[in-house]
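Listing of structure36.txt; format and content: compact mmCIF, C-alpha atoms.
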```
# COMPACT_ATOMS: atom_id res chain seq x y z
CA MET A 1465 0.00 0.00 0.00
CA ARG A 1466 2.77 2.40 0.93
CA ARG A 1467 4.59 1.64 -2.30
CA GLY A 1468 1.46 2.44 -4.40
CA LEU A 1469 0.97 5.72 -2.54
CA VAL A 1470 4.59 6.72 -3.26
CA HIS A 1471 4.08 5.96 -6.97
CA VAL A 1472 0.87 8.03 -7.11
CA LEU A 1473 2.54 10.90 -5.27
CA ALA A 1474 5.54 10.82 -7.64
CA TRP A 1475 3.21 10.76 -10.67
CA LEU A 1476 1.23 13.73 -9.34
CA LEU A 1477 4.39 15.76 -8.70
CA ALA A 1478 5.84 14.99 -12.14
CA THR A 1479 2.54 15.79 -13.88
CA GLY A 1480 2.10 19.02 -11.92
CA ALA A 1481 5.66 20.11 -12.76
CA ALA A 1482 5.16 19.31 -16.48
CA VAL A 1483 1.86 21.22 -16.64
CA THR A 1484 3.37 24.20 -14.81
CA LEU A 1485 6.40 24.29 -17.08
CA SER A 1486 4.23 24.00 -20.22
CA TRP A 1487 1.86 26.74 -19.04
CA TRP A 1488 4.76 29.04 -18.21
CA GLY A 1489 6.38 28.50 -21.63
CA VAL A 1490 3.16 29.08 -23.58
CA HIS A 1491 2.23 32.08 -21.43
CA THR A 1492 5.64 33.67 -21.99
CA VAL A 1493 5.45 33.25 -25.76
CA MET A 1494 1.84 34.44 -26.02
CA ALA A 1495 2.41 37.46 -23.77
CA GLY A 1496 5.17 38.60 -26.11
CA THR A 1497 3.07 38.31 -29.28
CA ALA A 1498 -0.48 39.33 -28.34
CA TYR A 1499 -1.33 42.89 -29.27
CA GLU A 1500 -4.33 45.12 -29.88
CA PRO A 1501 -4.91 45.62 -33.64
CA PRO A 1502 -4.89 49.21 -34.94
CA ARG A 1503 -8.25 50.96 -34.85
CA ALA A 1504 -7.83 52.99 -38.05
CA LEU A 1505 -6.07 52.73 -41.36
CA PRO A 1506 -3.23 55.27 -41.55
CA VAL A 1507 -3.28 57.75 -44.40
CA THR A 1508 -0.01 57.96 -46.30
CA ALA A 1509 1.14 60.70 -48.64
CA ALA A 1510 0.78 58.33 -51.59
CA ASP A 1511 -2.91 57.77 -50.76
CA ALA A 1512 -3.81 61.47 -50.52
CA ASP A 1513 -4.49 63.54 -53.61
CA THR A 1514 -2.09 66.50 -53.43
CA ARG A 1515 -4.63 68.87 -54.99
CA ASP A 1516 -7.22 68.04 -52.35
CA VAL A 1517 -5.16 67.83 -49.14
CA THR A 1518 -7.26 70.33 -47.21
CA SER A 1519 -10.55 68.59 -47.92
CA ALA A 1520 -9.12 65.12 -47.22
CA SER A 1521 -7.83 66.19 -43.80
CA ARG A 1522 -11.16 67.48 -42.56
CA ARG A 1523 -13.32 65.26 -40.45
CA PRO A 1524 -16.65 64.06 -41.82
CA ALA A 1525 -19.82 65.17 -40.10
CA PRO A 1526 -20.95 62.85 -37.28
CA SER A 1527 -23.45 60.17 -38.15
CA PRO A 1528 -27.02 60.80 -36.96
CA THR A 1529 -27.44 57.12 -36.07
CA PRO A 1530 -26.27 56.24 -32.57
CA SER A 1531 -23.79 53.42 -32.18
CA PRO A 1532 -25.09 50.42 -30.25
CA SER A 1533 -24.13 50.31 -26.60
CA PRO A 1534 -22.26 47.27 -25.28
CA SER A 1535 -25.13 46.49 -22.90
CA ARG A 1536 -27.43 45.73 -25.87
CA GLU A 1537 -25.22 43.05 -27.42
CA ARG A 1538 -26.87 40.02 -28.92
CA ARG A 1539 -27.21 37.17 -26.46
CA GLN A 1540 -28.43 34.67 -29.06
CA PRO A 1541 -26.19 32.86 -31.54
CA PRO A 1542 -25.70 34.72 -34.82
CA PRO A 1543 -27.98 33.63 -37.67
CA THR A 1544 -26.61 31.55 -40.50
CA PRO A 1545 -24.92 33.98 -42.89
CA THR A 1546 -26.82 34.51 -46.09
CA ARG A 1547 -25.64 36.55 -49.00
CA SER A 1548 -27.80 39.55 -49.68
CA PRO A 1549 -27.39 41.51 -52.88
CA ALA A 1550 -25.05 44.46 -52.68
CA ARG A 1551 -26.71 47.82 -52.60
CA THR A 1552 -25.38 51.22 -53.44
CA GLN A 1553 -25.42 53.37 -50.34
CA LYS A 1554 -25.86 57.09 -50.54
CA PRO A 1555 -22.77 58.80 -49.16
CA SER A 1556 -23.09 61.05 -46.16
CA PRO A 1557 -22.09 64.67 -46.75
CA THR A 1558 -18.68 65.79 -45.55
CA ALA A 1559 -16.97 69.10 -45.01
CA SER A 1560 -15.24 68.85 -48.37
CA ALA A 1561 -15.64 71.93 -50.52
CA SER A 1562 -15.01 69.94 -53.71
CA GLY A 1563 -17.54 67.24 -52.81
CA ARG A 1564 -15.05 64.48 -53.64
CA VAL A 1565 -14.52 62.96 -50.18
CA ARG A 1566 -17.37 60.64 -49.17
CA SER A 1567 -17.94 58.76 -45.92
CA TYR A 1568 -19.84 55.45 -45.80
CA ASP A 1569 -21.14 54.44 -42.37
CA THR A 1570 -22.05 50.77 -41.93
CA ASP A 1571 -22.89 48.47 -39.03
CA GLY A 1572 -19.24 47.36 -39.02
CA GLY A 1573 -17.53 50.73 -39.22
CA ARG A 1574 -16.80 53.72 -41.44
CA ALA A 1575 -14.90 53.91 -44.73
CA VAL A 1576 -13.97 57.26 -46.28
CA PHE A 1577 -13.07 57.51 -49.98
CA ASP A 1578 -11.79 60.34 -52.16
CA LEU A 1579 -13.71 59.83 -55.42
CA GLY A 1580 -11.92 61.41 -58.38
CA ALA A 1581 -13.08 61.63 -61.99
CA SER A 1582 -11.55 58.29 -63.01
CA SER A 1583 -10.36 56.58 -59.80
CA GLY A 1584 -10.90 56.34 -56.06
CA THR A 1585 -8.60 56.54 -53.05
CA LEU A 1586 -9.17 55.20 -49.55
CA VAL A 1587 -8.76 58.08 -47.11
CA SER A 1588 -9.48 56.12 -43.92
CA ALA A 1589 -11.30 53.08 -42.59
CA THR A 1590 -12.28 52.62 -38.97
CA PRO A 1591 -13.97 49.49 -37.60
CA GLY A 1592 -16.75 49.77 -35.04
CA THR A 1593 -16.40 48.45 -31.52
CA GLY A 1594 -15.95 44.69 -31.61
CA TRP A 1595 -15.40 44.58 -35.39
CA ALA A 1596 -12.21 43.70 -37.30
CA MET A 1597 -11.20 45.16 -40.65
CA GLN A 1598 -9.32 44.11 -43.78
CA VAL A 1599 -8.46 46.17 -46.87
CA TRP A 1600 -7.72 44.96 -50.42
CA LYS A 1601 -6.48 47.32 -53.17
CA THR A 1602 -5.91 46.84 -56.89
CA GLU A 1603 -5.53 49.24 -59.81
CA SER A 1604 -9.30 49.25 -60.47
CA TRP A 1605 -11.00 48.68 -57.08
CA ILE A 1606 -10.66 48.96 -53.30
CA ARG A 1607 -12.52 46.70 -50.87
CA VAL A 1608 -12.88 47.33 -47.13
CA GLU A 1609 -14.39 44.44 -45.17
CA PHE A 1610 -15.58 44.71 -41.58
CA SER A 1611 -16.10 41.40 -39.78
CA ARG A 1612 -17.37 40.21 -36.42
CA GLY A 1613 -17.90 36.48 -36.01
CA ALA A 1614 -19.97 35.34 -38.99
CA ASP A 1615 -21.15 38.89 -39.82
CA ARG A 1616 -19.47 40.60 -42.78
CA VAL A 1617 -19.97 44.10 -44.22
CA SER A 1618 -18.06 45.10 -47.37
CA VAL A 1619 -17.59 48.60 -48.78
CA PHE A 1620 -16.49 48.15 -52.39
CA CYS A 1621 -15.23 51.08 -54.52
CA THR A 1622 -14.81 50.29 -58.23
CA TRP A 1623 -13.80 52.41 -61.22
CA HIS A 1624 -12.73 49.89 -63.88
CA ASP A 1625 -15.57 50.68 -66.31
CA GLY A 1626 -16.32 54.34 -65.58
CA PRO A 1627 -16.22 56.89 -62.80
CA PRO A 1628 -15.81 55.48 -59.27
CA ARG A 1629 -18.88 54.12 -57.52
CA VAL A 1630 -19.24 52.64 -54.05
CA GLU A 1631 -21.40 49.67 -53.05
CA VAL A 1632 -22.07 48.45 -49.52
CA GLY A 1633 -23.00 44.81 -49.04
CA THR A 1634 -23.87 42.72 -45.98
CA TYR A 1635 -22.95 39.05 -46.11
```
So, in terms of structure tokens, how does the structure I just supplied come out?
Amino acid sequence: MRRGLVHVLAWLLATGAAVTLSWWGVHTVMAGTAYEPPRALPVTAADADTRDVTSASRRPAPSPTPSPSPSRERRQPPPTPTRSPARTQKPSPTASASGRVRSYDTDGGRAVFDLGASSGTLVSATPGTGWAMQVWKTESWIRVEFSRGADRVSVFCTWHDGPPRVEVGTY
């Protein structure tokens, strides 16, 4: 009996030491790599139109729709994502004198574009609270996607077949 108790005690000590060492190693590595993602897309000089610097640096007017408070979060599981057709959203007015900078407010965040005669430029993109953001750029379109769980909201600016136009889609 005493011999069995010594074996169990030795096993418990070895297992406890292994778990502690593993936890410490993983914790040390994860603490060094975890970070808070940036809340806004930085504007670089290459993204800004030099003729329109003053209008691009002004802040857009605040949205009349209030942002949801954290106390009213959904408590039920999110519905199965279904693809709804993309719709063109009317841009909100900004302080731009030229009328070229447009802000698009969505459930996932805000995307601001400078819409020229033949192309578009992303001025800024800011995700809402609890949302993540990704940006894709090519020579003929820019896509900003806000995501939270299974919810996706895309703001898509295209100009490959005419003047730039912006579509907002929920997926």
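The spacing separating atom CA of Val1565 of chain A from atom CA of Arg1612 of chain A amounts to 26.7 Å.
What separates atom CA of Ala1495 of chain A from atom CA of Thr1590 of chain A is a distance of 26.0 Å.
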Identify, on the basis of only C-alpha atoms, every residue whose closest approach to Gly1592 of chain A does not exceed 7 Å; exclude the query and any residue fewer than 2 positions from it along the same chain; express the result as a list in words. Gly1572, Gly1573, Thr1590, Gly1594 and Trp1595 of chain A
Would you mind reading off the distance between atom CA of Gly1584 of chain A and atom CA of Val1630 of chain A, one decimal, in Å? 9.3 Å
Tell me, as a PyMOL selection string, which residues lie within 8 Å of Val1576 of chain A, counting all atoms listed in the file; anything in the same chain fewer than 5 positions away does not count. chain A and resi 1565-1568+1586-1589
Would you kindly return, as a PyMOL selection string, each protein, DNA or RNA residue with an atom no farther than 10 Å from any atom of Pro1591 of chain A, considering all atoms listed in the file and excluding same-chain residues fewer than 3 positions away? chain A and resi 1502-1505+1569-1575+1594-1598+1608-1612
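Minimum distance to Phe1577 of chain A across A:Trp1475, A:Tyr1635, A:Trp1605, A:Trp1487 (counting all atoms listed in the file) occurs at A:Trp1605.
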